[in-house]
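Asker: I'm passing along work23.cif; it holds mmCIF, C-alpha atoms.
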data_coords
loop_
_atom_site.label_atom_id
_atom_site.label_comp_id
_atom_site.auth_asym_id
_atom_site.auth_seq_id
_atom_site.Cartn_x
_atom_site.Cartn_y
_atom_site.Cartn_z
CA MET A 26 -20.51 -24.64 12.97
CA SER A 27 -21.24 -22.00 10.39
CA ASP A 28 -20.86 -22.26 6.70
CA ASP A 29 -18.32 -19.44 6.80
CA ASN A 30 -15.61 -21.92 7.84
CA PRO A 31 -16.35 -25.24 6.12
CA THR A 32 -14.32 -28.33 7.05
CA LEU A 33 -12.23 -29.62 4.14
CA PRO A 34 -12.39 -33.37 3.48
CA TYR A 35 -9.25 -35.58 3.72
CA PRO A 36 -7.66 -36.30 0.39
CA GLU A 37 -8.62 -39.61 -1.10
CA SER A 38 -6.04 -42.31 -1.18
CA ASP A 39 -4.84 -42.53 -4.75
CA SER A 40 -1.72 -42.59 -6.83
CA GLU A 41 -1.22 -38.89 -6.39
CA HIS A 42 -1.05 -39.23 -2.63
CA ALA A 43 1.09 -42.26 -1.93
CA THR A 44 1.12 -43.62 1.58
CA LEU A 45 4.37 -42.83 3.35
CA VAL A 46 6.31 -45.75 4.72
CA ILE A 47 8.12 -45.16 7.95
CA PRO A 48 11.65 -46.70 7.93
CA GLY A 49 11.85 -49.92 9.93
CA GLU A 50 8.18 -50.80 9.50
CA GLN A 51 8.39 -52.89 6.26
CA ASP A 52 7.58 -56.59 6.29
CA ALA A 53 9.91 -58.08 8.92
CA ASP A 54 9.69 -61.63 7.43
CA ALA A 55 10.67 -60.81 3.84
CA ALA A 56 14.37 -60.05 4.36
CA PRO A 57 15.25 -63.07 6.54
CA ARG A 58 13.62 -65.44 4.05
CA ALA A 59 15.60 -63.91 1.19
CA THR A 60 18.80 -64.08 3.25
CA ARG A 61 18.24 -67.76 4.06
CA ARG A 62 17.58 -68.53 0.42
CA ARG A 63 20.78 -66.82 -0.61
CA ARG A 64 22.86 -68.44 2.18
CA TRP A 65 22.18 -72.17 1.74
CA PRO A 66 24.16 -72.66 -1.53
CA TRP A 67 27.24 -71.29 0.24
CA VAL A 68 26.72 -73.65 3.15
CA LEU A 69 26.42 -76.57 0.72
CA LEU A 70 29.60 -75.48 -1.07
CA ILE A 71 31.50 -75.32 2.21
CA VAL A 72 30.31 -78.85 3.12
CA VAL A 73 31.42 -80.17 -0.27
CA ILE A 74 34.84 -78.54 0.10
CA VAL A 75 35.28 -80.00 3.59
CA LEU A 76 34.30 -83.49 2.40
CA ALA A 77 36.65 -83.19 -0.57
CA ALA A 78 39.48 -82.10 1.72
CA LEU A 79 38.83 -85.05 4.02
CA ALA A 80 38.81 -87.43 1.04
CA ILE A 81 42.08 -86.00 -0.25
CA ALA A 82 43.63 -86.23 3.20
CA GLY A 83 42.44 -89.83 3.51
CA GLU A 84 43.79 -90.65 0.05
CA LEU A 85 47.17 -89.12 0.89
CA LEU A 86 47.25 -90.99 4.18
CA ALA A 87 46.40 -94.26 2.46
CA ARG A 88 49.13 -93.73 -0.13
CA ALA A 89 51.62 -92.89 2.61
CA LEU A 90 50.86 -95.98 4.70
CA LEU A 91 50.08 -98.65 2.11
CA PRO A 92 53.58 -99.04 0.58
CA GLY A 93 55.15 -99.73 3.96
CA ILE A 94 52.48 -102.27 4.87
CA VAL A 95 52.77 -104.12 1.55
CA ARG A 96 56.56 -104.03 1.65
CA GLY A 97 56.56 -105.63 5.10
CA ILE A 98 54.23 -108.41 3.97
CA VAL A 99 56.25 -109.20 0.84
CA ILE A 100 59.56 -109.26 2.74
CA GLU A 101 58.08 -111.60 5.33
CA GLN A 102 56.47 -113.95 2.80
CA LEU A 103 59.59 -114.24 0.61
CA ASP A 104 62.02 -114.26 3.54
CA LEU A 105 63.92 -111.26 2.17
CA PRO A 106 66.37 -109.08 4.13
CA SER A 107 64.73 -106.46 6.32
CA ASP A 108 66.52 -103.69 4.39
CA GLN A 109 65.41 -105.01 1.00
CA GLN A 110 64.74 -102.15 -1.42
CA LEU A 111 61.20 -102.50 -2.76
CA ASP A 112 59.03 -99.85 -4.40
CA VAL A 113 55.26 -100.22 -4.08
CA ASP A 114 52.59 -98.34 -6.02
CA ALA A 115 48.82 -98.86 -6.18
CA SER A 116 46.81 -97.59 -9.14
CA GLY A 117 43.51 -95.74 -9.05
CA ILE A 118 41.81 -93.98 -6.15
CA LEU A 119 42.64 -95.96 -3.03
CA LEU A 120 39.90 -95.11 -0.54
CA PRO A 121 37.06 -96.92 -2.38
CA GLN A 122 39.37 -99.90 -2.87
CA LEU A 123 40.35 -99.96 0.80
CA ILE A 124 36.70 -99.77 1.81
CA GLY A 125 35.91 -102.60 -0.60
CA GLY A 126 38.76 -104.70 0.81
CA ARG A 127 40.55 -105.31 -2.49
CA LEU A 128 43.11 -103.35 -4.52
CA ASP A 129 42.59 -103.25 -8.28
CA SER A 130 46.29 -103.28 -9.14
CA LEU A 131 49.52 -103.25 -7.16
CA HIS A 132 52.92 -102.70 -8.75
CA LEU A 133 56.14 -103.82 -7.04
CA SER A 134 59.65 -103.27 -8.33
CA THR A 135 63.21 -103.55 -7.10
CA ASP A 136 66.59 -102.98 -8.70
CA SER A 137 68.09 -106.06 -7.06
CA VAL A 138 66.60 -109.02 -5.24
CA THR A 139 67.78 -112.59 -4.66
CA ILE A 140 65.13 -115.31 -4.78
CA GLN A 141 66.21 -118.94 -4.60
CA GLY A 142 69.71 -118.15 -5.84
CA ILE A 143 68.73 -115.88 -8.74
CA THR A 144 69.70 -112.23 -8.36
CA GLY A 145 68.29 -109.54 -10.60
CA ALA A 146 65.90 -106.67 -10.99
CA ALA A 147 62.24 -107.59 -10.55
CA ASP A 148 59.08 -105.91 -11.75
CA VAL A 149 55.72 -107.45 -10.79
CA THR A 150 52.12 -106.29 -11.17
CA ALA A 151 49.44 -108.03 -9.11
CA THR A 152 45.70 -107.63 -9.69
CA GLY A 153 42.75 -108.21 -7.40
CA VAL A 154 44.84 -107.93 -4.24
CA PRO A 155 42.77 -108.88 -1.15
CA LEU A 156 43.26 -106.84 2.00
CA ASN A 157 41.54 -109.23 4.38
CA GLY A 158 43.08 -112.51 3.29
CA GLY A 159 42.47 -114.65 0.23
CA ASP A 160 44.01 -115.31 -3.16
CA LEU A 161 45.25 -112.76 -5.64
CA GLY A 162 43.41 -112.29 -8.87
CA GLY A 163 46.76 -113.02 -10.54
CA ALA A 164 50.18 -111.52 -11.18
CA THR A 165 52.70 -111.18 -13.96
CA GLY A 166 56.24 -109.89 -13.91
CA ALA A 167 59.76 -109.90 -15.26
CA ILE A 168 63.16 -110.68 -13.78
CA SER A 169 66.15 -109.06 -15.47
CA ILE A 170 69.53 -110.74 -14.93
CA ASP A 171 73.00 -109.95 -16.17
CA GLU A 172 75.50 -112.17 -17.98
CA ALA A 173 77.03 -113.53 -14.77
CA GLN A 174 73.65 -114.63 -13.39
CA PHE A 175 72.71 -116.14 -16.74
CA THR A 176 75.95 -118.10 -16.67
CA SER A 177 74.94 -119.62 -13.33
CA LEU A 178 71.65 -120.77 -14.83
CA LEU A 179 73.58 -122.86 -17.36
CA ALA A 180 75.77 -124.61 -14.80
CA ASP A 181 73.90 -127.93 -15.01
CA THR A 182 73.65 -128.13 -18.80
CA ASP A 183 75.82 -130.01 -21.29
CA LEU A 184 77.21 -126.70 -22.52
CA PRO A 185 80.82 -125.71 -21.84
CA VAL A 186 80.12 -122.59 -19.83
CA ASP A 187 82.99 -120.42 -18.67
CA ASP A 188 81.60 -117.16 -20.01
CA VAL A 189 78.39 -115.77 -21.50
CA SER A 190 78.05 -112.58 -23.53
CA PHE A 191 74.85 -111.00 -24.84
CA ASP A 192 74.29 -109.69 -28.35
CA ALA A 193 70.51 -109.28 -28.60
CA PRO A 194 68.59 -111.35 -29.39
CA ASP A 195 71.30 -114.00 -28.97
CA ALA A 196 73.80 -115.09 -26.33
CA THR A 197 77.23 -116.57 -26.95
CA VAL A 198 78.36 -119.31 -24.58
CA SER A 199 82.10 -119.98 -24.39
CA GLY A 200 84.11 -122.71 -22.68
CA SER A 201 86.14 -125.77 -23.39
CA VAL A 202 85.61 -129.53 -23.81
CA GLN A 203 87.96 -132.44 -23.11
CA VAL A 204 88.74 -134.67 -26.10
CA LEU A 205 91.49 -137.32 -25.74
CA ALA A 206 92.94 -135.46 -22.76
CA LEU A 207 93.02 -132.27 -24.78
CA SER A 208 91.13 -129.12 -23.78
CA ILE A 209 89.51 -127.66 -26.88
CA PRO A 210 87.97 -124.17 -26.72
CA VAL A 211 84.49 -123.95 -28.17
CA SER A 212 81.75 -121.36 -28.35
CA LEU A 213 78.10 -121.48 -29.33
CA THR A 214 75.76 -118.68 -30.27
CA VAL A 215 72.25 -119.53 -29.12
CA THR A 216 68.83 -117.90 -29.16
CA PRO A 217 67.11 -118.10 -25.74
CA GLY A 218 63.43 -118.97 -25.41
CA VAL A 219 60.92 -120.89 -23.27
CA ALA A 220 58.94 -124.10 -23.77
CA ASP A 221 56.56 -125.59 -21.17
CA GLY A 222 58.04 -123.43 -18.42
CA ASP A 223 61.65 -124.46 -19.14
CA LEU A 224 64.35 -122.29 -20.68
CA GLN A 225 65.49 -123.29 -24.14
CA LEU A 226 68.68 -122.42 -26.00
CA THR A 227 68.55 -123.01 -29.74
CA PRO A 228 72.03 -123.16 -31.39
CA GLN A 229 72.65 -120.75 -34.27
CA SER A 230 76.41 -120.98 -34.92
CA PHE A 231 79.56 -122.68 -33.59
CA SER A 232 83.28 -122.24 -33.41
CA ILE A 233 86.03 -124.67 -32.42
CA GLY A 234 89.42 -123.30 -31.54
CA GLY A 235 88.34 -119.91 -32.92
CA VAL A 236 87.31 -121.36 -36.30
CA VAL A 237 83.65 -121.02 -37.34
CA VAL A 238 82.16 -124.41 -38.23
CA ASP A 239 78.71 -125.83 -38.94
CA ALA A 240 76.78 -128.39 -36.90
CA ASP A 241 77.98 -131.37 -38.96
CA GLN A 242 81.61 -130.38 -38.50
CA VAL A 243 81.06 -130.05 -34.75
CA LYS A 244 79.65 -133.58 -34.63
CA ALA A 245 82.44 -134.98 -36.80
CA THR A 246 85.18 -133.29 -34.78
CA LEU A 247 83.86 -133.80 -31.25
CA GLY A 248 81.82 -137.00 -31.61
CA SER A 249 79.14 -137.54 -28.97
CA ILE A 250 80.17 -134.32 -27.21
CA GLY A 251 79.60 -132.44 -30.46
CA THR A 252 76.19 -134.08 -30.89
CA ASN A 253 75.12 -132.81 -27.47
CA LEU A 254 76.40 -129.34 -28.25
CA THR A 255 74.41 -129.02 -31.46
CA ARG A 256 71.05 -129.95 -30.02
CA THR A 257 68.60 -127.53 -28.40
CA GLN A 258 69.34 -127.25 -24.70
CA THR A 259 66.45 -127.42 -22.24
CA ILE A 260 67.07 -125.92 -18.82
CA CYS A 261 64.68 -126.30 -15.91
CA ILE A 262 64.89 -123.54 -13.31
CA ALA A 263 61.70 -124.46 -11.48
CA ASP A 264 63.78 -125.51 -8.48
CA GLN A 265 65.21 -122.00 -8.30
CA LEU A 266 61.83 -120.26 -8.20
CA PRO A 267 58.78 -120.54 -5.92
CA ALA A 268 56.45 -123.30 -7.10
CA GLY A 269 53.72 -120.74 -7.73
CA VAL A 270 55.87 -118.93 -10.31
CA THR A 271 55.95 -120.14 -13.93
CA VAL A 272 58.42 -118.97 -16.57
CA THR A 273 56.56 -117.73 -19.65
CA GLY A 274 59.27 -116.03 -21.69
CA LEU A 275 63.01 -115.42 -22.07
CA GLU A 276 64.60 -112.77 -24.23
CA VAL A 277 67.94 -110.98 -24.41
CA ARG A 278 67.41 -107.22 -24.34
CA GLY A 279 70.52 -105.09 -24.44
CA THR A 280 72.82 -106.18 -21.61
CA LYS A 281 70.17 -108.18 -19.75
CA ALA A 282 68.30 -111.43 -20.12
CA VAL A 283 64.65 -110.82 -19.25
CA ILE A 284 62.69 -113.74 -17.83
CA ASP A 285 58.93 -113.24 -17.94
CA VAL A 286 56.89 -115.02 -15.29
CA SER A 287 53.30 -115.53 -14.24
CA VAL A 288 52.28 -116.00 -10.63
CA ASN A 289 49.55 -118.28 -9.31
CA GLY A 290 47.12 -116.12 -7.32
CA ALA A 291 46.94 -118.78 -4.60
CA ILE A 292 50.62 -118.26 -3.74
CA VAL A 293 49.47 -115.85 -1.02
CA THR A 294 47.57 -118.53 0.90
CA ASP A 295 49.20 -121.79 -0.22
CA ALA A 296 52.50 -122.36 1.58
CA GLY A 297 53.38 -125.11 -0.89
CA LEU A 298 53.41 -122.60 -3.76
CA GLN A 299 55.86 -120.45 -1.83
CA GLN A 300 58.41 -123.28 -1.63
CA PRO A 301 60.91 -123.95 -4.43
CA GLY A 302 59.51 -125.84 -7.39
CA VAL A 303 60.67 -129.25 -8.65
CA CYS A 304 62.40 -130.21 -11.89
CA SER A 305 61.23 -133.53 -13.25
CA ALA A 306 63.92 -136.12 -13.91
CA GLY A 307 65.22 -136.34 -17.46
#
Mind converting the file's structure to structure tokens?

Answerer:
Amino acid sequence: MSDDNPTLPYPESDSEHATLVIPGEQDADAAPRATRRRRWPWVLLIVVIVLAALAIAGELLARALLPGIVRGIVIEQLDLPSDQQLDVDASGILLPQLIGGRLDSLHLSTDSVTIQGITGAADVTATGVPLNGGDLGGATGAISIDEAQFTSLLADTDLPVDDVSFDAPDATVSGSVQVLALSIPVSLTVTPGVADGDLQLTPQSFSIGGVVVDADQVKATLGSIGTNLTRTQTICIADQLPAGVTVTGLEVRGTKAVIDVSVNGAIVTDAGLQQPGVCSAG
């Protein structure tokens, strides 16, 4: 070759002559790795949402089924009518409790129930409720009765009971006593309470034949009958309640007498505690 037509050298690779990149030939591994890195948080989020939905569904299912199951057990244990109205509610998140086999707290209420001759509204909260057998942790509750039911509780006392009216916190008991073949109308205003599981009625005022008198006048007018009327009346209702139920309080509230009770946790497993209690003689 002659020097008249010299061969020009290729340009050097530098910043002024950047290497062209043909589309489709960049690093094939870079994009998939970036895509996978961006995708996994969304997958995790979807898993969490699904698990949460399953938990909510399980919780709703548990809350739908549990009241019916508990209601059936209570009706069977207390020998209540099959159509007995009974509301059941469990507190807290149920699934962990169901898995653990014990409910933290169970609330039962009814507007009207008859147990051993006493009819009234009942409201009971049980704690530590076992699902696989065993004793309760304990239970407390209240039974609200009207004037007519309260009258029946006083049937075996020395009080002349034809009628009872409430004027919170007291109750007025009205009736009549026989003195020398005469029927004398009397009434006593008493304050209800509880001592050693028995109901107590502490006299506050008296009237004979519509005339207000004091305790001494009652004794002087009615003799031994008057003496009995002026003393504090103690009424045992243990024989009208299951043996595992103890009366802890009695108070007149509005138009109702509210009897507070505590329940022995073993009443679930001990048949003897489910039977009526016993009033000691005297």

Asker: On this structure, the PyMOL selection byres ((chain A and resi 281) around 7) would catch which residues? List them as a PDB file with C-alpha atoms, in the coordinates of the input, sorted by chain and number.

Answerer:
ATOM      1  CA  SER A 169      66.150-109.060 -15.470  1.00  0.00           C
ATOM      2  CA  ILE A 170      69.530-110.740 -14.930  1.00  0.00           C
ATOM      3  CA  ASP A 171      73.000-109.950 -16.170  1.00  0.00           C
ATOM      4  CA  GLU A 172      75.500-112.170 -17.980  1.00  0.00           C
ATOM      5  CA  VAL A 277      67.940-110.980 -24.410  1.00  0.00           C
ATOM      6  CA  ARG A 278      67.410-107.220 -24.340  1.00  0.00           C
ATOM      7  CA  GLY A 279      70.520-105.090 -24.440  1.00  0.00           C
ATOM      8  CA  THR A 280      72.820-106.180 -21.610  1.00  0.00           C
ATOM      9  CA  ALA A 282      68.300-111.430 -20.120  1.00  0.00           C
ATOM     10  CA  VAL A 283      64.650-110.820 -19.250  1.00  0.00           C
TER      11      VAL A 283
END

Asker: Please return as a list in words every residue within 9 Å of (57.6, -121.7, -16.3), taking into account all atoms listed in the file and the file's own coordinates.

Answerer: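 The distance filter leaves exactly Val219, Ala220, Asp221, Gly222, Asp223, Leu224, Cys261, Ile262, Ala263, Val270, Thr271, Val272, Thr273, Gly274, Asp285, Val286 and Ser287 of chain A.
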
Asker: Box for stretch 134-139 of chain A: with edges along x, y and z, all listed atoms inside and 5 Å added on each side, what are the centre and edge lengths in Å to one decimal, as lines of an AutoDock Vina configuration file?

Answerer:
center_x = 63.9
center_y = -107.8
center_z = -6.7
size_x = 18.4
size_y = 19.6
size_z = 14.0

Asker: My list of candidates is A:Thr182, A:Ser130, A:Thr252, A:Gln174. Which is closest to A:Gly142 when distances are computed with all atoms listed in the file?

Answerer: A:Gln174

Asker: Can you list, as a list in words, every protein, DNA or RNA residue that comes within 9 Å of stretch 87-100 of chain A when you count all atoms listed in the file, leaving out same-chain residues fewer than 3 positions away?

Answerer: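 Contacts, in chain order: Ala82, Gly83, Glu84, Leu103, Asp104, Leu105, Pro106, Ser107, Gln109, Gln110, Leu111, Asp112, Val113, Asp114, Ala115, Leu119, Leu120, Leu123 and Leu133 of chain A.
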
Asker: From the list A:Ile260, A:Cys304, A:Ile81, A:Ile168, which residue is nearest A:Gln225 when using all atoms listed in the file?

Answerer: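 Under the stated criterion, the closest residue is A:Ile260.
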
Asker: Hey, what comes out of the PyMOL selection byres ((chain A and resi 185) around 7) on this file? Could you write it as a list in words?

Answerer: Asp183, Leu184, Val186, Asp187, Ser199, Gly200, Ser201 and Val202 of chain A

Asker: Could you dump the residues just selected with C-alpha atoms as a compact mmCIF listing (two decimals), in the frame of the given file?

Answerer:
# COMPACT_ATOMS: atom_id res chain seq x y z
CA ASP A 183 75.82 -130.01 -21.29
CA LEU A 184 77.21 -126.70 -22.52
CA VAL A 186 80.12 -122.59 -19.83
CA ASP A 187 82.99 -120.42 -18.67
CA SER A 199 82.10 -119.98 -24.39
CA GLY A 200 84.11 -122.71 -22.68
CA SER A 201 86.14 -125.77 -23.39
CA VAL A 202 85.61 -129.53 -23.81

Asker: Please write as a list in words the full residue list that the PyMOL selection byres ((chain A and resi 242) around 12) yields on this file.

Answerer: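 Against this file, the PyMOL selection byres ((chain A and resi 242) around 12) returns the residues Ser230, Phe231, Ser232, Ile233, Val236, Val237, Val238, Asp239, Ala240, Asp241, Val243, Lys244, Ala245, Thr246, Leu247, Gly248, Gly251, Thr252, Leu254 and Thr255 of chain A.
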
Asker: Given the choices A:Pro228, A:Pro210, A:Gly163, A:Pro121, which gets closest to A:Asp195 if the distance is worked out from only C-alpha atoms?

Answerer: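 Checking each of A:Pro228, A:Pro210, A:Gly163, A:Pro121 against A:Asp195, counting only C-alpha atoms, the winner is A:Pro228.
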
Asker: What separation in Å, quoted to one decimal, exists between atom CA of A:Leu275 and atom CA of A:Phe175?

Answerer: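 Straight-line distance from atom CA of A:Leu275 to atom CA of A:Phe175 works out to 11.1 Å.
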
Asker: I'd like the interatomic distance between atom CA of A:Pro217 and atom CA of A:Ser305, to a tenth of an Å.

Answerer: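 Taking atom CA of A:Pro217 as the start and atom CA of A:Ser305 as the end point, the length is 20.7 Å.
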
Asker: In Å to one decimal, how far is atom CA of A:Ala173 from atom CA of A:Ala196?

Answerer: 12.1 Å

Asker: Which of these residues is nearest to A:Asp181, using only C-alpha atoms: A:Gln299, A:Glu276, A:Gly234, A:Gln258?

Answerer: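 That would be A:Gln258, the residue with the smallest distance to A:Asp181.
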
Asker: Point out the residue among A:Gly125, A:Gly159, A:Gly269, A:Gly290 with the least atom-to-atom distance to A:Val303, counting only C-alpha atoms.

Answerer: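 Comparing A:Gly125, A:Gly159, A:Gly269, A:Gly290 against A:Val303, the winner is A:Gly269.
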
Asker: Please list, as a VMD selection string, the residues that have an atom at most 9 Å away from (48.8, -99.5, -10.5) in the coordinates of this file, counting only C-alpha atoms.

Answerer: chain A and resid 114 to 117 129 to 132 150 to 152
